[in-house]
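As provided, my_file33.pdb (PDB, C-alpha atoms) reads as follows.
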MODEL        1
ATOM      1  CA  MET O   7     100.957  99.554 113.078
ATOM      2  CA  ILE O   8      99.366  98.886 109.711
ATOM      3  CA  ILE O   9      95.779  97.650 109.980
ATOM      4  CA  LEU O  10      94.459  95.725 106.996
ATOM      5  CA  ASP O  11      90.786  95.843 106.075
ATOM      6  CA  SER O  12      88.719  93.016 104.622
ATOM      7  CA  ASP O  13      89.556  93.994 101.034
ATOM      8  CA  HIS O  14      93.296  93.745 101.748
ATOM      9  CA  LEU O  15      92.799  90.407 103.478
ATOM     10  CA  SER O  16      90.830  89.010 100.549
ATOM     11  CA  VAL O  17      93.684  89.908  98.213
ATOM     12  CA  LEU O  18      96.317  88.421 100.515
ATOM     13  CA  ARG O  19      94.432  85.148 101.019
ATOM     14  CA  TYR O  20      95.132  84.328  97.379
ATOM     15  CA  HIS O  21      98.827  85.122  97.513
ATOM     16  CA  SER O  22      99.717  84.154  93.947
ATOM     17  CA  SER O  23      97.628  86.868  92.289
ATOM     18  CA  GLU O  24      99.318  89.970  90.862
ATOM     19  CA  ARG O  25      97.447  92.207  93.305
ATOM     20  CA  ALA O  26      98.590  90.077  96.245
ATOM     21  CA  LEU O  27     102.198  90.213  95.095
ATOM     22  CA  LYS O  28     102.065  94.022  94.816
ATOM     23  CA  LEU O  29     100.420  94.413  98.212
ATOM     24  CA  SER O  30     102.897  92.019  99.831
ATOM     25  CA  ALA O  31     105.782  94.014  98.370
ATOM     26  CA  ARG O  32     104.372  97.239  99.809
ATOM     27  CA  LEU O  33     103.928  95.624 103.225
ATOM     28  CA  GLU O  34     107.504  94.353 103.164
ATOM     29  CA  GLN O  35     108.691  97.944 102.679
ATOM     30  CA  ALA O  36     107.064  98.779 106.018
ATOM     31  CA  ALA O  37     108.566  95.760 107.777
ATOM     32  CA  GLU O  38     109.326  97.728 110.944
ATOM     33  CA  LYS O  39     105.614  98.204 111.588
ATOM     34  CA  PRO O  40     103.423  95.345 112.867
ATOM     35  CA  ILE O  41     100.765  94.192 110.395
ATOM     36  CA  ALA O  42      97.341  93.773 111.950
ATOM     37  CA  THR O  43      93.675  93.363 111.234
ATOM     38  CA  SER O  44      90.631  93.897 113.408
ATOM     39  CA  ILE O  45      88.769  91.256 115.337
ATOM     40  CA  ALA O  46      85.696  92.360 113.354
ATOM     41  CA  ASN O  47      87.415  91.241 110.122
ATOM     42  CA  VAL O  48      88.210  87.873 111.716
ATOM     43  CA  GLU O  49      84.583  87.520 112.815
ATOM     44  CA  GLU O  50      83.285  88.450 109.364
ATOM     45  CA  ALA O  51      85.461  85.871 107.637
ATOM     46  CA  MET O  52      84.559  83.157 110.142
ATOM     47  CA  ARG O  53      80.859  83.958 109.860
ATOM     48  CA  GLY O  54      81.031  83.450 106.096
ATOM     49  CA  TRP O  55      82.523  79.953 106.326
ATOM     50  CA  LEU O  56      80.301  78.976 109.261
ATOM     51  CA  SER O  57      77.295  80.015 107.191
ATOM     52  CA  ALA O  58      78.505  77.900 104.274
ATOM     53  CA  ILE O  59      78.855  74.916 106.601
ATOM     54  CA  ALA O  60      75.444  75.438 108.226
ATOM     55  CA  LYS O  61      73.531  75.597 104.955
ATOM     56  CA  GLU O  62      74.728  72.149 103.874
ATOM     57  CA  ARG O  63      73.078  69.143 105.527
ATOM     58  CA  ARG O  64      75.341  66.467 104.051
ATOM     59  CA  ILE O  65      78.817  66.211 105.548
ATOM     60  CA  GLU O  66      80.335  65.529 102.134
ATOM     61  CA  ARG O  67      79.159  68.951 100.991
ATOM     62  CA  GLN O  68      80.597  70.631 104.094
ATOM     63  CA  LEU O  69      84.150  69.381 103.620
ATOM     64  CA  SER O  70      85.481  72.219 101.482
ATOM     65  CA  ALA O  71      83.973  74.876 103.773
ATOM     66  CA  TYR O  72      85.522  73.184 106.821
ATOM     67  CA  ARG O  73      88.875  73.123 105.003
ATOM     68  CA  GLU O  74      88.562  76.845 104.222
ATOM     69  CA  LEU O  75      87.655  77.577 107.855
ATOM     70  CA  ALA O  76      90.753  75.701 109.061
ATOM     71  CA  GLU O  77      92.924  77.572 106.545
ATOM     72  CA  LEU O  78      91.437  80.825 107.812
ATOM     73  CA  PHE O  79      92.883  80.192 111.287
ATOM     74  CA  THR O  80      96.305  79.571 109.778
ATOM     75  CA  PHE O  81      96.014  82.720 107.672
ATOM     76  CA  PHE O  82      95.036  84.966 110.589
ATOM     77  CA  SER O  83      97.767  83.518 112.824
ATOM     78  CA  GLY O  84     100.243  85.567 110.783
ATOM     79  CA  TYR O  85      98.709  88.862 111.874
ATOM     80  CA  THR O  86      98.237  90.814 115.062
ATOM     81  CA  ILE O  87      94.527  90.932 115.869
ATOM     82  CA  ALA O  88      93.410  94.382 117.012
ATOM     83  CA  LEU O  89      90.704  93.920 119.612
ATOM     84  CA  LEU O  90      87.566  95.996 119.894
ATOM     85  CA  ASP O  91      87.710  97.930 123.142
ATOM     86  CA  SER O  92      85.804 100.802 124.690
ATOM     87  CA  ASN O  93      88.058 103.415 123.045
ATOM     88  CA  ALA O  94      87.496 101.920 119.588
ATOM     89  CA  ALA O  95      83.745 101.704 120.254
ATOM     90  CA  ALA O  96      83.667 105.375 121.260
ATOM     91  CA  LEU O  97      85.553 106.357 118.100
ATOM     92  CA  PHE O  98      83.169 104.270 116.015
ATOM     93  CA  ASN O  99      80.125 105.781 117.663
ATOM     94  CA  GLY O 100      81.496 109.286 117.169
ATOM     95  CA  SER O 101      82.113 108.744 113.474
ATOM     96  CA  ALA O 102      78.777 106.967 113.017
ATOM     97  CA  ASN O 103      76.947 109.914 114.560
ATOM     98  CA  ARG O 104      78.579 112.331 112.100
ATOM     99  CA  ALA O 105      77.701 110.221 109.037
TER     100      ALA O 105
ENDMDL
END
Taking this structure as input, can you express it in the form of structure tokens?
Amino acid sequence: MIILDSDHLSVLRYHSSERALKLSARLEQAAEKPIATSIANVEEAMRGWLSAIAKERRIERQLSAYRELAELFTFFSGYTIALLDSNAAALFNGSANRA
């Protein structure tokens, strides 16, 4: 399994850029492996668009952020979402304690 971080996802969201094309080509070379991201990356992206929506009081000014939020669901539907479980939390806590 290949797990993409938020930097990779940001590049891939704008799929016509040169960086996105290069990254997509590299991922295609590993086609036998599932491509995933973490639920934390999904949450982070959603939180950003929800924040943009919440700060605007006029619906007309919320439209583009709502559109981006909807597109985010479509984008993430193409990936396996790695859930946060007790094993991942233990690994995180172990690495955080050593930092």
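Atom CA of O:Met7 is found 13.1 Å from atom CA of O:Gln35.
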Quick one: residues within 12 Å of (91.6, 96.5, 105.3) (file frame), counting all atoms listed in the file, please, as an mmCIF file with C-alpha atoms, in the coordinates of the input.
data_model
loop_
_atom_site.group_PDB
_atom_site.id
_atom_site.type_symbol
_atom_site.label_atom_id
_atom_site.label_comp_id
_atom_site.auth_asym_id
_atom_site.auth_seq_id
_atom_site.Cartn_x
_atom_site.Cartn_y
_atom_site.Cartn_z
ATOM 1 C CA ILE O 8 99.366 98.886 109.711
ATOM 2 C CA ILE O 9 95.779 97.650 109.980
ATOM 3 C CA LEU O 10 94.459 95.725 106.996
ATOM 4 C CA ASP O 11 90.786 95.843 106.075
ATOM 5 C CA SER O 12 88.719 93.016 104.622
ATOM 6 C CA ASP O 13 89.556 93.994 101.034
ATOM 7 C CA HIS O 14 93.296 93.745 101.748
ATOM 8 C CA LEU O 15 92.799 90.407 103.478
ATOM 9 C CA SER O 16 90.830 89.010 100.549
ATOM 10 C CA VAL O 17 93.684 89.908 98.213
ATOM 11 C CA LEU O 18 96.317 88.421 100.515
ATOM 12 C CA LEU O 29 100.420 94.413 98.212
ATOM 13 C CA ILE O 41 100.765 94.192 110.395
ATOM 14 C CA ALA O 42 97.341 93.773 111.950
ATOM 15 C CA THR O 43 93.675 93.363 111.234
ATOM 16 C CA SER O 44 90.631 93.897 113.408
ATOM 17 C CA ILE O 45 88.769 91.256 115.337
ATOM 18 C CA ALA O 46 85.696 92.360 113.354
ATOM 19 C CA ASN O 47 87.415 91.241 110.122
ATOM 20 C CA VAL O 48 88.210 87.873 111.716
#
Selection result for the PyMOL selection byres ((chain O and resi 58) around 10) on this file, as an MDAnalysis selection string: chainID O and resid 52:57 59:62 67:68 70:72 75
Among the residues O:Arg63, O:Arg32, O:Phe81, O:Lys39, the one that comes closest to O:Tyr20 [using all atoms listed in the file]: O:Phe81
Interatomic distance, atom CA of O:Pro40 to atom CA of O:Thr86 (Å, one decimal): 7.2 Å
Separation of atom CA of O:Leu33 from atom CA of O:Tyr85, in Å and rounded to one decimal: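 Distance between the two atoms: 12.2 Å.
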